[in-house]
>>> print(open('data_29.txt').read())   # compact mmCIF, C-alpha atoms
# COMPACT_ATOMS: atom_id res chain seq x y z
CA MET A 183 0.00 0.00 0.00
CA ALA A 184 2.97 2.33 0.51
CA ASN A 185 3.54 2.43 -3.27
CA ILE A 186 -0.03 3.61 -3.85
CA LYS A 187 0.38 6.29 -1.19
CA ASP A 188 3.66 7.40 -2.78
CA LEU A 189 2.02 7.64 -6.19
CA MET A 190 -0.89 9.62 -4.77
CA GLN A 191 1.49 12.05 -3.08
CA GLU A 192 3.60 12.38 -6.22
CA ILE A 193 0.57 13.40 -8.30
CA VAL A 194 -0.77 15.76 -5.62
CA ASN A 195 2.64 17.46 -5.57
CA LEU A 196 2.70 18.14 -9.33
CA ASP A 197 2.38 21.75 -10.34
CA TYR A 198 -0.78 22.65 -12.22
CA ASP A 199 0.70 22.54 -15.73
CA GLU A 200 2.21 19.10 -15.08
CA LEU A 201 -1.13 17.87 -13.72
CA VAL A 202 -2.88 19.06 -16.90
CA LYS A 203 -0.20 17.39 -19.02
CA VAL A 204 -0.59 14.04 -17.23
CA GLY A 205 -4.38 14.37 -17.41
CA LYS A 206 -4.30 15.05 -21.17
CA GLU A 207 -1.86 12.21 -21.82
CA THR A 208 -3.88 9.68 -19.84
CA LEU A 209 -7.17 10.83 -21.37
CA GLY A 210 -5.66 10.43 -24.85
CA GLN A 211 -4.43 6.94 -23.96
CA ILE A 212 -7.86 5.97 -22.61
CA ILE A 213 -9.62 7.21 -25.73
CA GLY A 214 -7.09 5.47 -27.98
CA ALA A 215 -7.45 2.18 -26.13
CA LEU A 216 -11.25 2.34 -26.23
CA LYS A 217 -11.16 3.07 -29.97
CA GLY A 218 -8.84 0.10 -30.28
CA ILE A 219 -11.54 -2.20 -28.90
CA GLU A 220 -13.91 -0.67 -31.43
CA LEU A 221 -16.23 1.25 -29.15
CA GLU A 222 -18.29 3.91 -30.85
CA THR A 223 -17.67 7.60 -30.16
CA LYS A 224 -20.84 7.90 -28.05
CA GLN A 225 -19.81 4.90 -25.91
CA ILE A 226 -16.36 6.39 -25.40
CA SER A 227 -17.70 9.83 -24.44
CA ASP A 228 -20.25 8.26 -22.08
CA PHE A 229 -17.49 6.25 -20.41
CA ILE A 230 -15.27 9.33 -20.05
CA LEU A 231 -18.19 11.29 -18.55
CA ASN A 232 -18.79 8.45 -16.11
CA LEU A 233 -15.11 8.51 -15.10
CA ILE A 234 -15.34 12.25 -14.50
CA ARG A 235 -18.57 11.72 -12.53
CA LEU A 236 -16.88 9.04 -10.44
CA PHE A 237 -13.75 11.00 -9.58
CA VAL A 238 -15.29 14.47 -9.17
CA SER A 239 -17.89 13.01 -6.79
CA ALA A 240 -15.40 11.13 -4.63
CA ASP A 241 -15.29 13.81 -1.94
CA GLY A 242 -18.99 14.64 -2.28
CA LYS A 243 -18.53 18.08 -3.81
CA CYS A 244 -17.55 19.84 -7.03
CA SER A 245 -14.82 22.45 -6.70
CA LEU A 246 -13.77 25.33 -8.92
CA GLU A 247 -10.32 23.72 -9.12
CA GLU A 248 -11.83 20.49 -10.48
CA ARG A 249 -13.87 22.42 -13.03
CA LYS A 250 -10.81 24.33 -14.26
CA LEU A 251 -8.67 21.20 -14.41
CA ILE A 252 -11.31 19.21 -16.31
CA GLN A 253 -11.74 22.13 -18.73
CA ASP A 254 -7.99 22.32 -19.30
CA ILE A 255 -7.62 18.56 -19.75
CA THR A 256 -10.64 18.06 -22.01
CA GLU A 257 -10.59 21.49 -23.67
CA VAL A 258 -14.36 21.70 -23.11
CA ASN A 259 -15.78 24.76 -21.35
CA LEU A 260 -17.97 23.80 -18.40
CA SER A 261 -19.93 25.92 -15.98
CA MET A 262 -20.12 24.84 -12.35
CA GLU A 263 -23.77 23.94 -12.97
CA GLU A 264 -22.76 21.65 -15.86
CA LEU A 265 -20.07 19.98 -13.77
CA GLU A 266 -22.51 19.50 -10.90
CA GLU A 267 -24.98 17.95 -13.35
CA ILE A 268 -22.28 15.57 -14.64
CA ALA A 269 -21.37 14.65 -11.05
CA LYS A 270 -24.93 13.81 -9.97
CA GLY A 271 -25.19 10.25 -8.71
CA GLY A 272 -21.43 9.83 -8.66
CA THR A 273 -21.37 8.71 -5.03
CA ASP A 274 -24.18 6.19 -5.45
CA GLU A 275 -22.72 2.80 -4.48
CA GLU A 276 -24.45 1.04 -7.36
CA PHE A 277 -22.90 3.50 -9.83
CA VAL A 278 -19.43 3.23 -8.25
CA ALA A 279 -19.62 -0.57 -8.22
CA SER A 280 -20.71 -0.73 -11.87
CA ILE A 281 -17.87 1.54 -13.05
CA ASP A 282 -15.38 -0.35 -10.88
CA LYS A 283 -16.57 -3.65 -12.40
CA ILE A 284 -16.14 -2.31 -15.94
CA ILE A 285 -12.65 -1.03 -15.14
CA ASP A 286 -11.74 -4.41 -13.61
CA LEU A 287 -12.58 -6.09 -16.92
CA LEU A 288 -10.13 -3.91 -18.84
CA PRO A 289 -6.46 -4.79 -19.44
CA ASP A 290 -4.16 -3.88 -16.55
CA ASP A 291 -2.32 -1.14 -18.45
CA LEU A 292 -5.61 0.61 -19.28
CA LYS A 293 -6.81 0.18 -15.71
CA ILE A 294 -3.64 1.88 -14.45
CA THR A 295 -4.06 4.68 -17.00
CA ILE A 296 -7.67 5.23 -15.89
CA SER A 297 -6.55 5.29 -12.26
CA LEU A 298 -3.88 7.86 -13.05
CA PHE A 299 -6.43 10.01 -14.96
CA GLY A 300 -8.71 9.81 -11.95
CA LEU A 301 -5.89 10.67 -9.59
CA CYS A 302 -5.27 13.85 -11.59
CA ILE A 303 -8.89 14.88 -11.07
CA LEU A 304 -8.77 13.91 -7.40
CA SER A 305 -5.63 16.06 -7.00
CA ALA A 306 -7.16 19.21 -8.51
CA ASP A 307 -7.44 20.90 -5.11
CA GLU A 308 -3.95 19.73 -4.04
CA THR A 309 -5.30 17.42 -1.33
CA LEU A 310 -6.68 13.90 -1.22
CA THR A 311 -9.44 13.30 1.28
CA PRO A 312 -9.78 9.87 2.89
CA GLU A 313 -12.80 9.24 0.61
CA GLU A 314 -10.75 10.10 -2.47
CA GLN A 315 -7.88 7.87 -1.36
CA LYS A 316 -10.30 5.02 -0.73
CA LEU A 317 -11.86 5.40 -4.20
CA PHE A 318 -8.45 5.51 -5.90
CA ALA A 319 -7.34 2.35 -4.12
CA ARG A 320 -10.66 0.64 -4.93
CA ILE A 321 -10.39 1.41 -8.64
CA LEU A 322 -6.76 0.32 -8.80
CA ARG A 323 -7.47 -3.03 -7.10
CA GLN A 324 -9.05 -5.92 -8.95
>>> encode(input="data_29.txt", output="structure tokens")
Amino acid sequence: MANIKDLMQEIVNLDYDELVKVGKETLGQIIGALKGIELETKQISDFILNLIRLFVSADGKCSLEERKLIQDITEVNLSMEELEEIAKGGTDEEFVASIDKIIDLLPDDLKITISLFGLCILSADETLTPEEQKLFARILRQ
């Protein structure tokens, strides 16, 4: 577990531009991998939205820092109201379990990439709450 904690701290410590860079790189890798298994564009965008919902909701609130980071990573302008709408239901255990199950079915390298993308979002406010740490560990485990 120490390695996971070290990784979490390393990402939290990144400066903002580095966090955006890692977020963009991992998002690109996720999209590329999902295209590689021949998912349609709508399925890919729905999955990405669900990942954002999952990770933004981890601490039970949407922050301005998360909104800015998601905008800078995705290059999509979002209002706080739009982000809050995306995040609705993100803490529901049934939703979390279903996304976790899907991620568990993916190849390990993609699972790690998704976890790293999520960790970038979780780190937007430069702290990781116990709930966020628990979610990250849950998603990373099989």
>>> residues_near_point(input="data_29.txt", point="(-13.6, 13.1, -20.4)", cutoff="7 Å", atoms="all atoms listed in the file", output="ChimeraX atom specification")
/A:209,227,230-231,234,256
>>> axis_aligned_box(input="data_29.txt", around="segment 271-284 of chain A", padding_each_side="3 Å", output="lines of an AutoDock Vina configuration file")
center_x = -20.3
center_y = 3.3
center_z = -10.2
size_x = 15.8
size_y = 19.9
size_z = 17.5
>>> closest_residue(input="data_29.txt", among="A:Lys206, A:Glu267, A:Ala279, A:Cys302", to="Arg320 of chain A", atoms="all atoms listed in the file")
A:Ala279
>>> closest_atom_pairs(input="data_29.txt", of="segment 235-289 of chain A", to="segment 210-220 of chain A", cutoff="10 Å", atoms="all atoms listed in the file", output="Markdown table")
| residue | atom | partner | partner_atom | distance |
| --- | --- | --- | --- | --- |
| A:Ile255 | CA | A:Gly210 | CA | 9.8 |
| A:Thr256 | CA | A:Gly210 | CA | 9.5 |
| A:Leu288 | CA | A:Leu216 | CA | 9.7 |
| A:Pro289 | CA | A:Ala215 | CA | 9.7 |
>>> atom_distance(input="data_29.txt", atom1="atom CA of Glu207 of chain A", atom2="atom CA of Glu275 of chain A")
28.7 Å
>>> atom_distance(input="data_29.txt", atom1="atom CA of Asp197 of chain A", atom2="atom CA of Ser305 of chain A")
10.4 Å
>>> residues_around(input="data_29.txt", residues="Ser297 of chain A", least_positions_apart="6", cutoff="9 Å", atoms="all atoms listed in the file", output="PDB file with C-alpha atoms, keeping the file's coordinate frame")
ATOM      1  CA  PHE A 318      -8.450   5.510  -5.900  1.00  0.00           C
ATOM      2  CA  ALA A 319      -7.340   2.350  -4.120  1.00  0.00           C
ATOM      3  CA  ILE A 321     -10.390   1.410  -8.640  1.00  0.00           C
ATOM      4  CA  LEU A 322      -6.760   0.320  -8.800  1.00  0.00           C
TER       5      LEU A 322
END
>>> residues_near_point(input="data_29.txt", point="(-19.7, 5.7, -16.9)", cutoff="12 Å", atoms="all atoms listed in the file", output="ChimeraX atom specification")
/A:224-237,268-272,276-285
>>> residues_around(input="data_29.txt", residues="Ser245 of chain A", least_positions_apart="6", cutoff="9 Å", atoms="only C-alpha atoms", output="PyMOL selection string")
chain A and resi 238+262+306-307
>>> atom_distance(input="data_29.txt", atom1="atom CA of Asp254 of chain A", atom2="atom CA of Arg323 of chain A")
28.1 Å
>>> closest_residue(input="data_29.txt", among="A:Glu222, A:Asp286, A:Asp274, A:Glu264", to="Ala240 of chain A", atoms="all atoms listed in the file")
A:Asp274
>>> closest_residue(input="data_29.txt", among="A:Ile296, A:Leu265, A:Leu317, A:Leu301", to="Asn195 of chain A", atoms="only C-alpha atoms")
A:Leu301
